[in-house]
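Structure, as structure tokens:
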Amino acid sequence: MPVGGLTTGPRNLLRQIREAMAGAQPAQDRLDTVVRIIAQSMVAEVCSIYLRRASGELELFATQGLKPEAVHTTRLRPGEGLVGEVARSAAPISLSDAPSHPSFAYRPETGEDPYHAFLGAPLLRGGRAIGVLVVQNRSERRYDDEEVEDIQTIAMVLAETVASGELLAQDELRDIEVAPHRPERLKGQRFAEGLAYGHVILHEAPVPPENLLAENQQVEEIRLREALITLKAGIDSILDGGQGKLAGQSFEVLETYRMFADDRGWNRSLEEAVRTGLTAEAAVDRVRNEHRARFAQARDPYIKERLHDFEDLANRLLRVLAGDRPGERDIPPDAILVARNLGPADLLEYPRHKLRGLLLEEGSAASHAAIVARALQIPCVGRIMGLRDRLSEGDLVIVDGETGEAYLRPRPDMLSAVQSRMLVRSERQAEFAKLRDVPAVTLDGTRITVLTNAGLAVDLENLDATGAEGIGLFRTEFQFMVSEELPRLTSQTALYKLVLDTAGDRPVTFRTLDIGGDKVLPYLETEREENPALGRRAIRLGLDRPGLLRLQLRALLAAAAGRELRVMFPMIATVDEFRAARELVDVECAWARRRGRALPALLRVGAMIECPSLLWHLDALLPLTDFVSVGTNDLFQYMFAADRTNPLVSDRYDPLSPPALRALGEIQKKCADTGTPVSVCGELAGRPLEAFALLTLGFTRLSAPAGGVGPVKRMILSADLGAARRGMANLLGSSAGSIRGELESLARKLNVTI
């Protein structure tokens, strides 16, 4: 009997299936009715439904045409037979002579040997095959494209029906792998310390289509077309520097989105899906599932990256169709945000008081999201590949920012263990709070200045809470990164004035704009660079665009009128660069004097030491500066030629290695010889063991992330620097790649709390 496509429209088919499900018959009777309806609609001699058990096996749940006794008896291992191959590839398979295919697996109990033509489609949920729908015919024939489209539409409807509990009751679905439900432990990388547990919310979470089948096909085609226009217009407006709906994304990512939004294949797939009778939302969902299933099979990292681009694009298109706007989501009070990656603006869109933790598939400890998470003291674990496909909205998860792990759907005993650890951390925080007003003085009387790093207005709350003696590094670029357009002079001045007002008589060191490299502003036109980390970034960009840097210096001078102002320039690689930058300060001071503007009572200008070239030119640089600050993050990535944002190489070196520590020791010695005040403001300053090493090298001014102030101060109060320095002198001559273990032993020997 030939197959000629659906004999009734898809809407009529869905109506028949739902009517069958509404009956009072036992579950098996309802399933049998469903496969019979589909067989009749597809003019097929066999129709079978296989569902995936938690074990991964595909079990025959219902059939029309095969032997009834095979139901709940026939099970196929993952990848076994044609049905297993459909599930493995998550793509339809159409064959005119199934028994001749190498994947064909004959099961005598089914009685399927007379059937040659085979058409199978996966039941997809979240890009995973939760089952397979099969139709078969005796004659050797090739199913045409329209028939393949038909069975995919039916499979999509069935997948939604199964997952919603319409097809089977929830107790009958207990062992069906509709979505991941088993406890899992995933290893990632620690981006921000802390412990948290709560319920998952997906960043740019897909909006599930409420209606699958169109009431009016032409209306849905128009809705899709208009949504695509809106999507592209939103991307274009940001790329052109205007106000857009997709705020907070980097220029390159948006450029990629625009390219994919114009992709003919993607647009054609959406149009064809709508023409099968689906709503615009269901069409987007179906095409996304197909892309996800197909790209997930690829081994090429570039190809897999394209999956994420299409995924994000589809999610945004669904939100356009739903009429949603950013910042309006209702999230639970114990939200754990899960995302592929985030920009700082994205993270700040969520209500801080409800956000407990952050899990990322990508990123690095130096990424914008990680820095903001540390500032907000939100535990964050990143580099967890495949995370989003393993989670559903509302799943309970644990974020372990101490070990760099995530626990999905944890067992009760695991949750209890984490709650106990959180209690210990809370007690430790209470201990740190008691040290807030205690001066940081070592056992042998050395006074250490402990400052904090900041970059957002919200960071200012940490000044009083931590007892930090000031702000050793205020990252001014964050205001630019979270804005959709270049901040005006008035808004820059207002922020800097707020920082100084909040700090009171405590010192604040402002770092001028450090953008470029991995920090791209969507509204600032830049040329694409092969290696942006070594390209036009930080002070290089400021000197190439003096108007941008002068505007910022003007805002800083205005904000500090009558007070002390400390400004430092990032990524100085040559003495000439510092001279040129300082000249711009003089130009702006002269501009203000001519107009009778008030100037700072005391102006100090410094440089960041983060380019190794300066290590051999400190004798020329230091006399020109009022102070310097060591940016260990960049200094070490350039020293070791290892991109700190690249997880493949970022852990290839240890900052507690003889070369790194000798370089730091040389900087400290040169500064001491010239009387130049020096501080360390990299991540090292916020970790007790690393800060202990810095003290032994002679540094007495540290600027740490807010969460590191308490632990570092506790370490300082327990340290005898004289003995520690003698111990360190013996370690610097080591030929080992790291002396971390030896430093830990030294700290234990001296009873230093690390």
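As shown in the structure tokens, the chain order sets the letters A, B, ...; within each chain, residues go from 1, and ligands are also counted from 1 in the order they appear.
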
Test item, strand (DSSP E or B) assignment across region 351-436 of chain A, answer as a list of chain:residue names: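 Selection result, strand (DSSP E or B) within region 351-436 of chain A: A:Leu355, A:Arg356, A:Gly357, A:Leu358, A:Leu359, A:Leu360, A:Cys380, A:Val381, A:Gly382, A:Leu396, A:Val397, A:Ile398, A:Val399, A:Asp400, A:Glu405, A:Ala406, A:Tyr407, A:Leu408.
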
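With only C-alpha atoms taken into account, the protein and nucleic acid residues at most 6 Å from region 215-232 of chain A (excluding it and anything under 4 positions from it in its own chain) are Thr279, Ala280 and Leu321 of chain A.
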
All residues 12 Å or closer to Ile154 (chain A), only C-alpha atoms, same chain fewer than 6 positions away omitted, as a PyMOL selection string: chain A and resi 5-6+9-15+17+34-35+37-39+41-42+47+49+120-124+132-135+147-148+160-161+212-213+276-278+286

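Reported to one decimal place, the separation of CA of Ala503 (chain A) from CA of Val678 (chain A) is 20.4 Å.
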
Between region 413-473 of chain A and region 385-408 of chain A, at 10 Å or less, what are the per-residue closest atom pairs and their distances in Å? Count only C-alpha atoms, order by chain and rising residue number, and return it as JSON lines.
```
{"residue": "A:Met414", "atom": "CA", "partner": "A:Tyr407", "partner_atom": "CA", "distance": 8.6}
{"residue": "A:Leu415", "atom": "CA", "partner": "A:Ile398", "partner_atom": "CA", "distance": 7.7}
{"residue": "A:Val418", "atom": "CA", "partner": "A:Ile398", "partner_atom": "CA", "distance": 8.0}
```

What residues in region 635-700 of chain A get the DSSP label helix (DSSP H, G or I)? Please answer as a tab-separated table (two decimals) with N, CA and C atoms, in the first residue's frame.
```tsv
chain	number	residue	atom	x	y	z
A	635	LEU	N	50.17	40.86	33.68
A	635	LEU	CA	51.62	40.69	33.71
A	635	LEU	C	52.00	39.23	33.50
A	636	PHE	N	51.29	38.34	34.18
A	636	PHE	CA	51.66	36.93	34.08
A	636	PHE	C	51.20	36.30	32.77
A	637	GLN	N	50.07	36.77	32.23
A	637	GLN	CA	49.66	36.18	30.94
A	637	GLN	C	50.65	36.55	29.85
A	638	TYR	N	51.24	37.75	29.94
A	638	TYR	CA	52.24	38.13	28.94
A	638	TYR	C	53.59	37.49	29.23
A	639	MET	N	53.91	37.32	30.49
A	639	MET	CA	55.18	36.67	30.84
A	639	MET	C	55.22	35.22	30.35
A	658	PRO	N	58.89	30.42	40.62
A	658	PRO	CA	60.07	31.27	40.80
A	658	PRO	C	60.17	32.42	39.80
A	659	PRO	N	59.94	32.22	38.48
A	659	PRO	CA	60.06	33.37	37.56
A	659	PRO	C	59.09	34.50	37.90
A	660	ALA	N	57.82	34.15	38.20
A	660	ALA	CA	56.83	35.18	38.51
A	660	ALA	C	57.18	35.90	39.80
A	661	LEU	N	57.58	35.15	40.82
A	661	LEU	CA	57.88	35.76	42.11
A	661	LEU	C	59.16	36.60	42.04
A	662	ARG	N	60.13	36.16	41.26
A	662	ARG	CA	61.35	36.96	41.11
A	662	ARG	C	61.04	38.29	40.42
A	663	ALA	N	60.16	38.25	39.41
A	663	ALA	CA	59.76	39.48	38.72
A	663	ALA	C	59.09	40.45	39.69
A	664	LEU	N	58.19	39.91	40.51
A	664	LEU	CA	57.51	40.75	41.51
A	664	LEU	C	58.52	41.31	42.51
A	665	GLY	N	59.46	40.47	42.93
A	665	GLY	CA	60.47	40.92	43.87
A	665	GLY	C	61.32	42.04	43.30
A	666	GLU	N	61.63	41.95	42.00
A	666	GLU	CA	62.43	42.99	41.35
A	666	GLU	C	61.66	44.32	41.30
A	667	ILE	N	60.36	44.25	41.02
A	667	ILE	CA	59.54	45.47	40.99
A	667	ILE	C	59.53	46.12	42.36
A	668	GLN	N	59.32	45.31	43.39
A	668	GLN	CA	59.25	45.86	44.75
A	668	GLN	C	60.58	46.50	45.15
A	669	LYS	N	61.69	45.86	44.79
A	669	LYS	CA	63.01	46.39	45.15
A	669	LYS	C	63.27	47.72	44.46
A	670	LYS	N	62.95	47.82	43.17
A	670	LYS	CA	63.16	49.06	42.43
A	670	LYS	C	62.32	50.19	43.01
A	671	CYS	N	61.08	49.87	43.38
A	671	CYS	CA	60.20	50.89	43.97
A	671	CYS	C	60.74	51.34	45.32
A	672	ALA	N	61.23	50.40	46.12
A	672	ALA	CA	61.80	50.75	47.43
A	672	ALA	C	63.03	51.64	47.26
A	673	ASP	N	63.86	51.32	46.28
A	673	ASP	CA	65.08	52.09	46.05
A	673	ASP	C	64.78	53.53	45.65
A	674	THR	N	63.68	53.73	44.91
A	674	THR	CA	63.33	55.09	44.42
A	674	THR	C	62.29	55.77	45.29
A	683	GLU	N	44.42	39.56	41.04
A	683	GLU	CA	43.68	38.56	41.80
A	683	GLU	C	44.54	37.94	42.91
A	684	LEU	N	45.86	37.93	42.73
A	684	LEU	CA	46.75	37.34	43.73
A	684	LEU	C	46.56	37.98	45.10
A	685	ALA	N	46.29	39.28	45.10
A	685	ALA	CA	46.21	40.01	46.36
A	685	ALA	C	45.02	39.59	47.21
A	686	GLY	N	44.06	38.89	46.62
A	686	GLY	CA	42.86	38.50	47.35
A	686	GLY	C	42.85	37.06	47.82
A	688	PRO	N	44.71	34.26	50.27
A	688	PRO	CA	45.63	34.28	51.42
A	688	PRO	C	47.02	33.74	51.15
A	689	LEU	N	47.15	32.59	50.49
A	689	LEU	CA	48.48	32.04	50.26
A	689	LEU	C	49.29	32.93	49.33
A	690	GLU	N	48.66	33.38	48.25
A	690	GLU	CA	49.36	34.26	47.30
A	690	GLU	C	49.70	35.60	47.96
A	691	ALA	N	48.78	36.13	48.78
A	691	ALA	CA	49.05	37.38	49.48
A	691	ALA	C	50.20	37.21	50.48
A	692	PHE	N	50.28	36.03	51.09
A	692	PHE	CA	51.38	35.72	51.99
A	692	PHE	C	52.71	35.80	51.23
A	693	ALA	N	52.72	35.25	50.01
A	693	ALA	CA	53.93	35.33	49.19
A	693	ALA	C	54.29	36.77	48.88
A	694	LEU	N	53.29	37.60	48.59
A	694	LEU	CA	53.55	39.01	48.29
A	694	LEU	C	54.17	39.73	49.49
A	695	LEU	N	53.68	39.41	50.69
A	695	LEU	CA	54.23	40.04	51.89
A	695	LEU	C	55.70	39.66	52.07
A	696	THR	N	56.01	38.39	51.79
A	696	THR	CA	57.40	37.95	51.96
A	696	THR	C	58.33	38.64	50.97
```

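Remark: for Ala598 (chain A), the closest of the candidate residues A:Arg554, A:Arg352, A:Arg687, A:Arg447 is A:Arg554 (distances computed over only C-alpha atoms).
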
Length of the CA of Gly265 (chain A) to CA of Arg88 (chain A) vector [Å]: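 It comes out at 23.9 Å.
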
Which of A:Lys749, A:Arg652, A:Arg593, A:Arg107 sits closest to Thr73 (chain A) [using only C-alpha atoms]: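 Among the listed residues, A:Arg107 lies closest to Thr73 (chain A).
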
Spatial neighbours of region 564-572 of chain A, max dist 7 Å, only C-alpha atoms, sep filter under 4 positions, as a PyMOL selection string: chain A and resi 508-512+514+538-539+560+577-578+600-611

Top pick for closest residue to Val709 (chain A), considering A:Glu469, A:Asp634, A:Asp586, A:Glu109 and counting only C-alpha atoms: A:Glu469

Separation of CA of Phe480 (chain A) from CA of Gly542 (chain A), in Å and rounded to one decimal: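 Those two atoms sit 13.7 Å apart.
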
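Excluding Thr493 (chain A) itself and same-chain residues fewer than 3 positions from it, the residues having an atom within 7 Å of it are A:Leu489, A:Thr490, A:Tyr496, A:Lys497, A:Ala555, A:Leu556, A:Ala558, A:Ala559, counting only C-alpha atoms.
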
Could you write out the selected residues, including C-alpha atoms, as a short mmCIF file (atom, residue, chain, number, x, y, z; two decimals), in the first residue's frame?
```cif
data_model
loop_
_atom_site.label_atom_id
_atom_site.label_comp_id
_atom_site.auth_asym_id
_atom_site.auth_seq_id
_atom_site.Cartn_x
_atom_site.Cartn_y
_atom_site.Cartn_z
CA LEU A 489 30.49 63.61 30.62
CA THR A 490 27.75 64.25 33.19
CA TYR A 496 33.22 59.25 40.03
CA LYS A 497 31.79 61.80 42.47
CA ALA A 555 35.10 63.91 34.32
CA LEU A 556 37.60 62.66 36.92
CA ALA A 558 35.54 67.63 37.87
CA ALA A 559 34.43 64.91 40.31
#
```

8 Å contact set for Arg356 (chain A), only C-alpha atoms, chain neighbours under 3 positions out, as JSON, numbers by chain: {"A": [196, 197, 198, 334, 335, 336, 353, 378, 379]}
